[in-house]
>>> print(open('start_5.txt').read())   # compact mmCIF, C-alpha atoms and all ligand atoms
# COMPACT_ATOMS: atom_id res chain seq x y z
CA MET A 1 0.00 0.00 0.00
CA PRO A 2 1.50 3.38 -0.91
CA ALA A 3 2.54 5.13 2.31
CA ARG A 4 0.48 8.26 1.59
CA ILE A 5 -2.77 6.39 1.06
CA GLY A 6 -2.04 4.20 4.08
CA LEU A 7 -1.53 7.27 6.25
CA ILE A 8 -4.66 9.03 5.02
CA CYS A 9 -6.79 5.93 5.39
CA ARG A 10 -5.58 5.54 8.98
CA LYS A 11 -6.84 9.07 9.54
CA ILE A 12 -10.16 8.10 8.01
CA ARG A 13 -10.37 5.13 10.35
CA HIS A 14 -10.45 7.62 13.21
CA ALA A 15 -12.95 9.86 11.46
CA HIS A 16 -15.51 7.10 10.92
CA SER A 17 -17.34 5.30 13.59
CA SER A 18 -18.92 2.57 11.49
CA PRO A 19 -16.93 -0.58 10.75
CA GLU A 20 -18.81 -0.74 7.43
CA THR A 21 -17.39 2.62 6.37
CA HIS A 22 -13.95 1.59 7.46
CA ARG A 23 -14.13 -1.54 5.34
CA ASP A 24 -15.17 0.61 2.33
CA THR A 25 -12.19 2.81 2.80
CA MET A 26 -9.77 -0.05 3.20
CA TRP A 27 -10.86 -1.61 -0.07
CA HIS A 28 -9.45 1.47 -1.74
CA ALA A 29 -6.38 1.49 0.41
CA ARG A 30 -5.56 -2.08 -0.54
CA MET A 31 -6.46 -1.73 -4.18
CA PRO A 32 -5.63 1.77 -5.34
CA ASP A 33 -4.95 0.53 -8.85
CA LEU A 34 -7.98 -1.69 -9.14
CA ALA A 35 -10.45 0.88 -7.95
CA ARG A 36 -11.14 3.49 -10.60
CA GLY A 37 -10.86 6.12 -7.94
CA ALA A 38 -8.84 6.15 -4.77
CA CYS A 39 -9.68 7.29 -1.30
CA VAL A 40 -7.31 10.13 -0.60
CA ALA A 41 -8.84 12.54 1.82
CA THR A 42 -11.59 13.20 4.23
CA ASP A 43 -12.81 16.00 6.38
CA ALA A 44 -15.61 16.52 8.82
CA ARG A 45 -18.43 19.00 8.73
CA MET A 46 -20.74 20.12 11.42
CA ASP A 47 -24.25 18.97 10.81
CA SER A 48 -26.52 22.01 10.57
CA ARG A 49 -29.23 20.29 12.64
CA SER A 50 -27.06 19.68 15.63
CA PRO A 51 -23.57 21.11 16.16
CA SER A 52 -22.69 18.09 18.27
CA ILE A 53 -23.08 15.68 15.37
CA VAL A 54 -20.16 15.50 13.00
CA THR A 55 -20.95 14.20 9.53
CA PRO A 56 -17.77 12.89 7.95
CA THR A 57 -17.30 13.50 4.26
CA ARG A 58 -15.52 10.83 2.30
CA SER A 59 -14.10 11.49 -1.09
CA LEU A 60 -13.20 9.82 -4.33
CA VAL A 61 -10.73 10.97 -6.95
CA ILE A 62 -11.39 9.92 -10.51
CA PRO A 63 -8.47 9.85 -12.95
CA SER A 64 -8.74 12.92 -15.14
CA SER A 65 -6.52 11.96 -18.07
CA SER A 66 -9.43 12.14 -20.50
CA LEU A 67 -10.70 15.50 -19.22
CA SER A 68 -10.67 18.05 -22.02
CA SER A 69 -10.27 21.77 -21.41
CA ALA A 70 -13.58 22.26 -23.28
CA ALA A 71 -15.33 20.23 -20.57
CA LEU A 72 -14.04 22.65 -17.95
CA ALA A 73 -14.97 25.86 -19.74
CA ASP A 74 -17.25 27.91 -17.50
CA ASP A 75 -19.89 28.32 -20.16
CA THR A 76 -20.15 24.62 -21.01
CA PRO A 77 -23.62 23.44 -20.00
CA GLY A 78 -24.27 20.13 -18.33
CA SER A 79 -26.61 17.60 -19.84
CA ILE A 80 -29.12 14.95 -18.90
CA PHE A 81 -29.52 12.08 -21.34
CA PHE A 82 -32.66 10.10 -20.56
CA ILE A 83 -32.17 6.38 -21.22
CA GLY A 84 -35.41 5.12 -19.60
CA THR A 85 -36.96 4.18 -16.21
CA ALA A 86 -34.74 6.08 -13.73
CA THR A 87 -31.66 5.62 -15.89
CA VAL A 88 -30.03 8.88 -16.96
CA LEU A 89 -26.54 10.01 -17.84
CA ILE A 90 -25.64 13.24 -16.09
CA ARG A 91 -22.67 15.02 -17.62
CA TYR A 92 -21.14 18.11 -16.09
CA ARG A 93 -17.66 19.62 -16.36
CA GLY A 94 -16.03 16.33 -17.28
CA PHE A 95 -18.09 14.12 -14.94
CA THR A 96 -20.28 11.35 -16.36
CA ILE A 97 -22.66 9.86 -13.81
CA LEU A 98 -25.02 7.00 -14.55
CA THR A 99 -28.10 6.69 -12.36
CA ASP A 100 -30.11 3.53 -11.56
CA PRO A 101 -28.83 1.48 -14.51
CA ASN A 102 -31.57 -0.55 -16.15
CA PHE A 103 -31.04 -1.81 -19.69
CA LEU A 104 -33.59 -4.61 -19.95
CA HIS A 105 -35.81 -4.70 -23.02
CA ARG A 106 -39.50 -4.54 -23.78
CA GLY A 107 -41.13 -7.77 -22.64
CA ASP A 108 -38.40 -8.60 -20.09
CA THR A 109 -39.58 -9.35 -16.56
CA VAL A 110 -38.11 -7.97 -13.36
CA HIS A 111 -38.40 -9.59 -9.94
CA LEU A 112 -39.36 -7.18 -7.16
CA GLY A 113 -39.21 -9.64 -4.27
CA TYR A 114 -41.91 -11.74 -2.55
CA GLY A 115 -42.65 -13.38 -5.89
CA LEU A 116 -43.78 -10.07 -7.40
CA ARG A 117 -42.88 -9.50 -11.01
CA SER A 118 -43.34 -6.76 -13.54
CA GLN A 119 -42.86 -6.62 -17.27
CA ARG A 120 -40.99 -3.87 -19.08
CA ARG A 121 -43.12 -2.00 -21.61
CA THR A 122 -40.41 0.18 -23.16
CA GLU A 123 -36.99 -0.04 -24.78
CA PRO A 124 -34.02 1.79 -23.25
CA ALA A 125 -32.75 4.58 -25.54
CA ILE A 126 -29.35 2.89 -25.81
CA GLY A 127 -27.97 -0.54 -24.98
CA PHE A 128 -25.59 -1.15 -22.09
CA GLU A 129 -22.74 -1.69 -24.56
CA GLU A 130 -23.35 1.77 -26.06
CA LEU A 131 -22.63 3.59 -22.79
CA PRO A 132 -19.81 6.12 -22.85
CA ASP A 133 -17.08 5.96 -20.17
CA VAL A 134 -18.87 6.39 -16.85
CA ASP A 135 -17.16 7.80 -13.74
CA LEU A 136 -19.60 6.47 -11.18
CA VAL A 137 -23.00 4.89 -10.75
CA LEU A 138 -25.48 6.53 -8.42
CA LEU A 139 -27.97 3.91 -7.26
CA SER A 140 -31.13 4.85 -5.34
CA HIS A 141 -31.95 1.31 -4.21
CA MET A 142 -31.65 -2.35 -5.01
CA HIS A 143 -34.73 -3.13 -7.06
CA GLU A 144 -34.36 -4.85 -10.40
CA ASP A 145 -35.97 -2.01 -12.35
CA HIS A 146 -33.10 0.15 -11.04
CA PHE A 147 -30.18 -2.29 -11.18
CA ASP A 148 -31.00 -5.21 -13.42
CA ARG A 149 -29.47 -8.65 -13.82
CA LEU A 150 -27.82 -7.71 -17.13
CA VAL A 151 -26.12 -4.73 -15.49
CA GLU A 152 -25.17 -6.91 -12.52
CA LYS A 153 -23.46 -9.33 -14.89
CA ARG A 154 -21.76 -6.85 -17.18
CA LEU A 155 -20.86 -3.81 -15.09
CA ASP A 156 -17.13 -3.51 -14.37
CA ARG A 157 -16.53 -4.74 -10.80
CA ARG A 158 -14.23 -1.72 -10.28
CA MET A 159 -16.95 0.84 -11.10
CA PRO A 160 -17.51 3.18 -8.14
CA ILE A 161 -21.12 2.82 -6.96
CA VAL A 162 -22.66 5.25 -4.48
CA SER A 163 -25.80 3.95 -2.79
CA THR A 164 -27.53 2.99 0.46
CA PRO A 165 -25.78 0.80 3.06
CA HIS A 166 -28.23 -1.98 2.10
CA SER A 167 -27.47 -1.83 -1.63
CA THR A 168 -23.72 -1.57 -1.15
CA LEU A 169 -23.75 -4.64 1.09
CA VAL A 170 -25.61 -6.61 -1.61
CA LEU A 171 -23.22 -5.28 -4.28
CA LYS A 172 -20.15 -6.25 -2.26
CA ARG A 173 -21.46 -9.79 -1.97
CA LYS A 174 -21.77 -9.78 -5.75
CA GLY A 175 -18.10 -8.82 -6.06
CA PHE A 176 -18.26 -5.07 -6.63
CA LEU A 177 -15.06 -3.53 -5.30
CA SER A 178 -15.74 0.20 -5.08
CA THR A 179 -19.00 0.65 -3.20
CA HIS A 180 -19.69 3.77 -1.15
CA ALA A 181 -22.51 3.60 1.38
CA LEU A 182 -24.37 6.76 2.32
CA SER A 183 -26.94 7.05 5.06
CA THR A 184 -29.41 9.95 4.94
CA TRP A 185 -27.58 13.32 4.93
CA ASP A 186 -24.14 11.71 4.50
CA ARG A 187 -21.94 13.61 2.08
CA PHE A 188 -19.52 12.22 -0.48
CA GLU A 189 -17.08 14.34 -2.45
CA VAL A 190 -15.95 13.43 -5.94
CA ARG A 191 -13.09 15.09 -7.77
CA LYS A 192 -11.85 14.75 -11.30
CA GLY A 193 -9.04 17.10 -12.24
CA ALA A 194 -10.26 20.56 -11.28
CA SER A 195 -13.92 19.45 -11.32
CA ARG A 196 -15.67 18.80 -8.04
CA MET A 197 -19.06 17.70 -6.85
CA THR A 198 -20.64 16.52 -3.64
CA ILE A 199 -23.29 13.84 -3.41
CA THR A 200 -25.50 13.94 -0.32
CA ALA A 201 -28.00 11.19 0.48
CA MET A 202 -31.55 12.54 0.74
CA PRO A 203 -34.43 10.92 2.65
CA ALA A 204 -36.71 8.63 0.65
CA LYS A 205 -39.46 6.22 1.65
CA HIS A 206 -40.68 3.52 -0.72
CA GLY A 207 -44.39 3.47 0.23
CA PRO A 208 -46.34 3.72 3.47
CA SER A 209 -44.48 2.64 6.63
CA VAL A 210 -45.62 -0.99 6.79
CA VAL A 211 -44.90 -1.55 3.10
CA SER A 212 -41.63 0.40 2.95
CA SER A 213 -40.17 -1.77 5.70
CA LEU A 214 -40.68 -4.76 3.38
CA LEU A 215 -39.03 -3.03 0.41
CA PRO A 216 -35.34 -2.15 0.01
CA PRO A 217 -34.24 1.11 1.68
CA VAL A 218 -34.04 3.99 -0.81
CA MET A 219 -32.04 7.18 -0.97
CA GLY A 220 -32.59 10.34 -2.93
CA SER A 221 -29.50 12.33 -3.90
CA MET A 222 -28.42 15.93 -3.94
CA LEU A 223 -25.65 16.57 -6.42
CA GLU A 224 -23.87 19.84 -5.76
CA LEU A 225 -21.91 20.52 -8.88
CA ASP A 226 -19.14 23.06 -8.61
CA ARG A 227 -19.60 25.48 -11.48
CA GLY A 228 -15.97 26.53 -11.37
CA ASP A 229 -16.81 30.15 -10.54
CA GLY A 230 -17.46 29.72 -6.83
CA THR A 231 -21.15 28.89 -7.30
CA THR A 232 -22.88 25.52 -7.17
CA PHE A 233 -25.53 23.91 -9.36
CA ARG A 234 -27.87 21.79 -7.23
CA LEU A 235 -29.43 18.76 -8.85
CA TYR A 236 -31.83 16.67 -6.81
CA VAL A 237 -32.81 13.09 -7.68
CA SER A 238 -35.82 11.92 -5.69
CA GLY A 239 -35.32 8.15 -5.86
CA ASP A 240 -38.44 5.99 -5.47
CA THR A 241 -40.21 7.80 -2.69
CA MET A 242 -43.53 8.98 -1.40
CA ILE A 243 -44.10 12.36 0.20
CA HIS A 244 -43.28 11.82 3.87
CA GLU A 245 -42.32 13.89 6.86
CA GLN A 246 -38.54 13.64 6.45
CA LEU A 247 -38.80 14.82 2.84
CA ARG A 248 -39.96 18.20 4.16
CA GLU A 249 -36.45 18.67 5.54
CA VAL A 250 -34.98 18.77 2.01
CA PRO A 251 -36.17 22.28 1.04
CA LYS A 252 -35.31 23.55 4.53
CA ARG A 253 -31.71 22.50 4.03
CA TYR A 254 -31.62 23.23 0.30
CA PRO A 255 -33.91 26.17 -0.43
CA ASP A 256 -32.35 26.76 -3.85
CA ILE A 257 -32.49 23.62 -5.96
CA ASP A 258 -31.83 24.22 -9.65
CA LEU A 259 -33.06 20.98 -11.16
CA ALA A 260 -35.03 18.02 -9.79
CA LEU A 261 -35.42 14.59 -11.37
CA LEU A 262 -38.64 13.16 -9.94
CA HIS A 263 -39.33 9.43 -9.92
CA LEU A 264 -43.05 9.22 -10.68
CA GLY A 265 -45.10 6.40 -12.21
CA GLY A 266 -47.43 5.77 -9.29
CA THR A 267 -46.01 2.27 -8.85
CA ARG A 268 -48.49 -0.05 -7.17
CA VAL A 269 -47.51 -3.26 -5.41
CA LEU A 270 -50.52 -5.37 -4.40
CA GLY A 271 -52.61 -2.26 -5.01
CA ILE A 272 -50.54 -0.11 -2.62
CA LEU A 273 -48.92 3.05 -3.96
CA VAL A 274 -45.11 2.88 -3.47
CA THR A 275 -43.86 5.68 -5.76
CA MET A 276 -45.28 9.13 -6.42
CA ASP A 277 -48.30 9.38 -8.70
CA ALA A 278 -49.54 12.59 -10.36
CA LYS A 279 -50.93 14.03 -7.11
CA GLU A 280 -47.82 13.29 -5.05
CA GLY A 281 -45.59 14.41 -7.94
CA LEU A 282 -47.31 17.79 -7.93
CA GLU A 283 -46.91 17.96 -4.16
CA ALA A 284 -43.19 17.15 -4.54
CA LEU A 285 -42.85 19.91 -7.13
CA ARG A 286 -44.35 22.39 -4.68
CA LEU A 287 -42.41 21.06 -1.70
CA ILE A 288 -38.95 20.68 -3.25
CA ASP A 289 -39.57 23.86 -5.26
CA PRO A 290 -36.82 23.44 -7.87
CA LYS A 291 -36.30 25.99 -10.61
CA GLU A 292 -36.92 23.16 -13.05
CA ALA A 293 -38.23 19.61 -12.69
CA ILE A 294 -38.02 16.63 -15.02
CA PRO A 295 -40.21 13.57 -14.42
CA ILE A 296 -38.51 10.22 -15.01
CA HIS A 297 -39.49 6.62 -14.06
CA TYR A 298 -43.02 7.10 -15.40
CA ASP A 299 -44.15 4.44 -17.86
CA ASP A 300 -41.59 1.67 -18.26
CA TYR A 301 -43.12 -1.17 -16.25
CA THR A 302 -46.55 -2.69 -15.83
CA VAL A 303 -46.49 -1.81 -12.10
CA PHE A 304 -46.33 1.91 -13.05
CA LYS A 305 -50.02 2.83 -12.89
CA SER A 306 -50.05 6.63 -13.10
CA PRO A 307 -49.47 7.84 -16.68
CA LEU A 308 -47.32 10.91 -17.29
CA SER A 309 -50.35 12.66 -18.83
CA ASP A 310 -52.00 12.67 -15.37
CA PHE A 311 -49.01 14.52 -13.93
CA GLN A 312 -48.96 16.88 -16.91
CA GLU A 313 -52.65 17.73 -16.37
CA ALA A 314 -52.14 18.27 -12.64
CA VAL A 315 -49.15 20.55 -13.30
CA GLU A 316 -51.11 22.55 -15.89
CA ALA A 317 -54.11 22.92 -13.57
CA ALA A 318 -51.75 24.20 -10.86
CA GLY A 319 -50.25 26.76 -13.26
CA LEU A 320 -46.76 25.28 -12.90
CA SER A 321 -46.16 24.13 -16.50
CA SER A 322 -43.26 26.53 -17.00
CA ARG A 323 -41.36 24.71 -14.23
CA VAL A 324 -41.50 21.24 -15.78
CA THR A 325 -39.52 19.84 -18.69
CA TYR A 326 -40.76 16.60 -20.23
CA MET A 327 -38.24 14.20 -21.69
CA GLU A 328 -38.72 11.13 -23.80
CA ARG A 329 -36.23 8.30 -23.81
CA GLY A 330 -33.32 9.35 -26.03
CA ASP A 331 -33.77 13.09 -25.34
CA THR A 332 -30.91 15.23 -24.10
CA HIS A 333 -31.58 18.28 -21.96
CA GLN A 334 -28.94 20.88 -21.24
CA PHE A 335 -28.62 22.62 -17.90
CA GLY A 336 -26.39 24.88 -15.87
CA ALA A 337 -24.69 27.08 -18.46
CA ILE A 338 -23.45 30.15 -16.67
CA THR A 339 -25.34 33.18 -17.90
CA ALA A 340 -24.48 36.86 -17.67
CA ALA A 341 -27.14 37.14 -14.94
CA ASP A 342 -25.36 34.40 -12.92
CA THR A 343 -22.09 36.30 -13.19
CA VAL A 344 -23.71 39.52 -11.95
CA ARG A 345 -25.43 37.63 -9.09
CA HIS A 346 -22.12 36.06 -8.09
CA MET A 347 -20.37 39.44 -8.10
CA VAL A 348 -23.11 40.83 -5.85
CA GLU A 349 -22.69 37.81 -3.54
CA LEU A 350 -18.92 38.38 -3.37
CA ASP A 351 -19.61 41.92 -2.18
CA ARG A 352 -21.61 40.62 0.80
CA PRO A 353 -19.95 39.66 4.09
CA PRO A 354 -19.17 35.92 4.13
CA SER A 355 -21.88 33.74 5.65
CA SER A 356 -20.90 31.66 8.65
CA GLY A 357 -21.10 27.88 8.84
CA PRO A 358 -21.07 25.24 6.17
CA GLN A 359 -23.39 25.17 3.17
CA PRO A 360 -26.13 24.24 2.82
CA THR A 361 -27.59 25.76 5.96
CA SER A 362 -30.96 25.11 7.44
CA SER A 363 -33.44 27.88 6.85
CA ARG A 364 -34.94 27.38 10.28
ZN ZN A 401 -38.19 0.26 -6.07
>>> encode(input="start_5.txt", output="structure tokens", more="lines below")
Ligand SMILES: [Zn+2]
Amino acid sequence: MPARIGLICRKIRHAHSSPETHRDTMWHARMPDLARGACVATDARMDSRSPSIVTPTRSLVIPSSSLSSAALADDTPGSIFFIGTATVLIRYRGFTILTDPNFLHRGDTVHLGYGLRSQRRTEPAIGFEELPDVDLVLLSHMHEDHFDRLVEKRLDRRMPIVSTPHSTLVLKRKGFLSTHALSTWDRFEVRKGASRMTITAMPAKHGPSVVSSLLPPVMGSMLELDRGDGTTFRLYVSGDTMIHEQLREVPKRYPDIDLALLHLGGTRVLGILVTMDAKEGLEALRLIDPKEAIPIHYDDYTVFKSPLSDFQEAVEAAGLSSRVTYMERGDTHQFGAITAADTVRHMVELDRPPSSGPQPTSSR
């Protein structure tokens, strides 16, 4: 083990209380060449809810040899490429992030546990083999419509995967070497050359309490993408969730979300709603209050019972159409180009006295 990594990982051992986390870290320490990224640093931040709780931030460095200067230009927008279900490619300043990889085909069946099955009704926009180089996979939970058996078989075992403690445990058993477990509100920093982002696990609840305890734990994600000019683009991914009390904490902590990807579909298991339908989707739009929202995970499986048109009608009736962008599989949507207005806003912010405490802060 290189001395530097050994030293830093010993520091991390002290910074983390959970043996699970320590094991994660040591995988990287033992296999810096195998893992596509290496654990090199950590720090600790005060949790805004309670100053006595320290939330450690782990980090991952992704080799940046392929990073072009064009990718780092301030005015280069990011993009969302919608593949299908909850599978999207997020590209920003040299990062390529794949969410909830599902590449099964129309007619294929997924197993959702307890003997429950569902059939895919759609084709993914591209095949697994057509994926570009991916830096990391962001996985909301371990359900086969989010991480399918084809992906399980073919995904490089060295691919960094950020997910719930439950999913990462399952993935480790399947031989994945670079898993990073996040509990709700845990932060994870990713660097690639001069590009930086932070992933924070958001609360999510897959159905009403009794049902959600029978389904895999889910996390939403907040991606804070460093725009390279001192400002941050905030991209929220809901994961499979219902509106629930803890979700109300998201806008308190993050009052300025730029873009939200909302998992809709109104999935029903044995008649019980376990993902947001049109009504809950509209409530999420109001609650999370992003500048822009994009519904995903809306019509791909037979268990998805709430058509996108229902959400569209609800949004129109609420007068919020200008806030929602609709994507079809295969569409690319650009986001986050720095505008002249952003530059002026940032200059005004620089003129203000510095705020105290870490970002984001609670609005309470
Ligand atoms: Zn699910």
>>> residues_near_ligand(input="start_5.txt", ligand="ligand ZN 401 (chain A)", cutoff="9 Å", atoms="all atoms listed in the file", output="number ranges by chain")
A: 112, 140-146, 206, 215-218, 239-241, 267, 274-275
>>> axis_aligned_box(input="start_5.txt", around="segment 211-224 of chain A", padding_each_side="5 Å", output="JSON")
{"center_x": -34.4, "center_y": 7.5, "center_z": -0.4, "size_x": 31.0, "size_y": 34.6, "size_z": 22.1}
>>> atom_distance(input="start_5.txt", atom1="atom CA of Asp100 of chain A", atom2="atom CA of Gly193 of chain A")
25.1 Å
>>> atom_distance(input="start_5.txt", atom1="atom CA of Ile161 of chain A", atom2="atom CA of Val110 of chain A")
21.1 Å
>>> residues_around(input="start_5.txt", residues="Thr85 of chain A", least_positions_apart="2", cutoff="6 Å", atoms="all atoms listed in the file", output="MDAnalysis selection string")
chainID A and resid 87 297 300
>>> atom_distance(input="start_5.txt", atom1="atom CA of Pro307 of chain A", atom2="atom CA of Arg149 of chain A")
26.1 Å
>>> residues_around(input="start_5.txt", residues="Ile272 of chain A", least_positions_apart="5", cutoff="10 Å", atoms="all atoms listed in the file", output="PyMOL selection string")
chain A and resi 207-208+211+266-267
>>> write_last_selection(input="start_5.txt", atoms="C-alpha atoms", output="PDB file, in the frame of the given file")
ATOM      1  CA  GLY A 207     -44.390   3.470   0.230  1.00  0.00           C
ATOM      2  CA  PRO A 208     -46.340   3.720   3.470  1.00  0.00           C
ATOM      3  CA  VAL A 211     -44.900  -1.550   3.100  1.00  0.00           C
ATOM      4  CA  GLY A 266     -47.430   5.770  -9.290  1.00  0.00           C
ATOM      5  CA  THR A 267     -46.010   2.270  -8.850  1.00  0.00           C
TER       6      THR A 267
END
>>> closest_residue(input="start_5.txt", among="A:Ala278, A:Val303, A:Leu182, A:Ile294", to="Val315 of chain A", atoms="all atoms listed in the file")
A:Ala278
>>> residues_around(input="start_5.txt", residues="segment 131-138 of chain A", least_positions_apart="5", cutoff="10 Å", atoms="only C-alpha atoms", output="PyMOL selection string")
chain A and resi 36-37+60-64+66+87-91+94-101+126+155+158-164+178-180+190+192+199+219-221+237
>>> write_last_selection(input="start_5.txt", atoms="C-alpha atoms", output="PDB file, keeping the file's coordinate frame")
ATOM      1  CA  ARG A  36     -11.140   3.490 -10.600  1.00  0.00           C
ATOM      2  CA  GLY A  37     -10.860   6.120  -7.940  1.00  0.00           C
ATOM      3  CA  LEU A  60     -13.200   9.820  -4.330  1.00  0.00           C
ATOM      4  CA  VAL A  61     -10.730  10.970  -6.950  1.00  0.00           C
ATOM      5  CA  ILE A  62     -11.390   9.920 -10.510  1.00  0.00           C
ATOM      6  CA  PRO A  63      -8.470   9.850 -12.950  1.00  0.00           C
ATOM      7  CA  SER A  64      -8.740  12.920 -15.140  1.00  0.00           C
ATOM      8  CA  SER A  66      -9.430  12.140 -20.500  1.00  0.00           C
ATOM      9  CA  THR A  87     -31.660   5.620 -15.890  1.00  0.00           C
ATOM     10  CA  VAL A  88     -30.030   8.880 -16.960  1.00  0.00           C
ATOM     11  CA  LEU A  89     -26.540  10.010 -17.840  1.00  0.00           C
ATOM     12  CA  ILE A  90     -25.640  13.240 -16.090  1.00  0.00           C
ATOM     13  CA  ARG A  91     -22.670  15.020 -17.620  1.00  0.00           C
ATOM     14  CA  GLY A  94     -16.030  16.330 -17.280  1.00  0.00           C
ATOM     15  CA  PHE A  95     -18.090  14.120 -14.940  1.00  0.00           C
ATOM     16  CA  THR A  96     -20.280  11.350 -16.360  1.00  0.00           C
ATOM     17  CA  ILE A  97     -22.660   9.860 -13.810  1.00  0.00           C
ATOM     18  CA  LEU A  98     -25.020   7.000 -14.550  1.00  0.00           C
ATOM     19  CA  THR A  99     -28.100   6.690 -12.360  1.00  0.00           C
ATOM     20  CA  ASP A 100     -30.110   3.530 -11.560  1.00  0.00           C
ATOM     21  CA  PRO A 101     -28.830   1.480 -14.510  1.00  0.00           C
ATOM     22  CA  ILE A 126     -29.350   2.890 -25.810  1.00  0.00           C
ATOM     23  CA  LEU A 155     -20.860  -3.810 -15.090  1.00  0.00           C
ATOM     24  CA  ARG A 158     -14.230  -1.720 -10.280  1.00  0.00           C
ATOM     25  CA  MET A 159     -16.950   0.840 -11.100  1.00  0.00           C
ATOM     26  CA  PRO A 160     -17.510   3.180  -8.140  1.00  0.00           C
ATOM     27  CA  ILE A 161     -21.120   2.820  -6.960  1.00  0.00           C
ATOM     28  CA  VAL A 162     -22.660   5.250  -4.480  1.00  0.00           C
ATOM     29  CA  SER A 163     -25.800   3.950  -2.790  1.00  0.00           C
ATOM     30  CA  THR A 164     -27.530   2.990   0.460  1.00  0.00           C
ATOM     31  CA  SER A 178     -15.740   0.200  -5.080  1.00  0.00           C
ATOM     32  CA  THR A 179     -19.000   0.650  -3.200  1.00  0.00           C
ATOM     33  CA  HIS A 180     -19.690   3.770  -1.150  1.00  0.00           C
ATOM     34  CA  VAL A 190     -15.950  13.430  -5.940  1.00  0.00           C
ATOM     35  CA  LYS A 192     -11.850  14.750 -11.300  1.00  0.00           C
ATOM     36  CA  ILE A 199     -23.290  13.840  -3.410  1.00  0.00           C
ATOM     37  CA  MET A 219     -32.040   7.180  -0.970  1.00  0.00           C
ATOM     38  CA  GLY A 220     -32.590  10.340  -2.930  1.00  0.00           C
ATOM     39  CA  SER A 221     -29.500  12.330  -3.900  1.00  0.00           C
ATOM     40  CA  VAL A 237     -32.810  13.090  -7.680  1.00  0.00           C
TER      41      VAL A 237
END
>>> closest_residue(input="start_5.txt", among="A:Asp299, A:Gly113, A:Leu171, A:Ala293", to="Lys153 of chain A", atoms="only C-alpha atoms")
A:Leu171
>>> closest_residue(input="start_5.txt", among="A:Asp186, A:Glu283, A:Glu328, A:Asp108", to="Pro295 of chain A", atoms="only C-alpha atoms")
A:Glu328
>>> residues_around(input="start_5.txt", residues="Lys279 of chain A", least_positions_apart="4", cutoff="12 Å", atoms="only C-alpha atoms", output="list in words")
Met242, Ile243, Leu264, Gly265, Gly266, Leu273, Thr275, Glu283, Ala284, Leu285, Arg286, Ser306, Pro307, Leu308, Ser309, Asp310, Phe311, Gln312, Glu313, Ala314, Val315, Ala317 and Ala318 of chain A
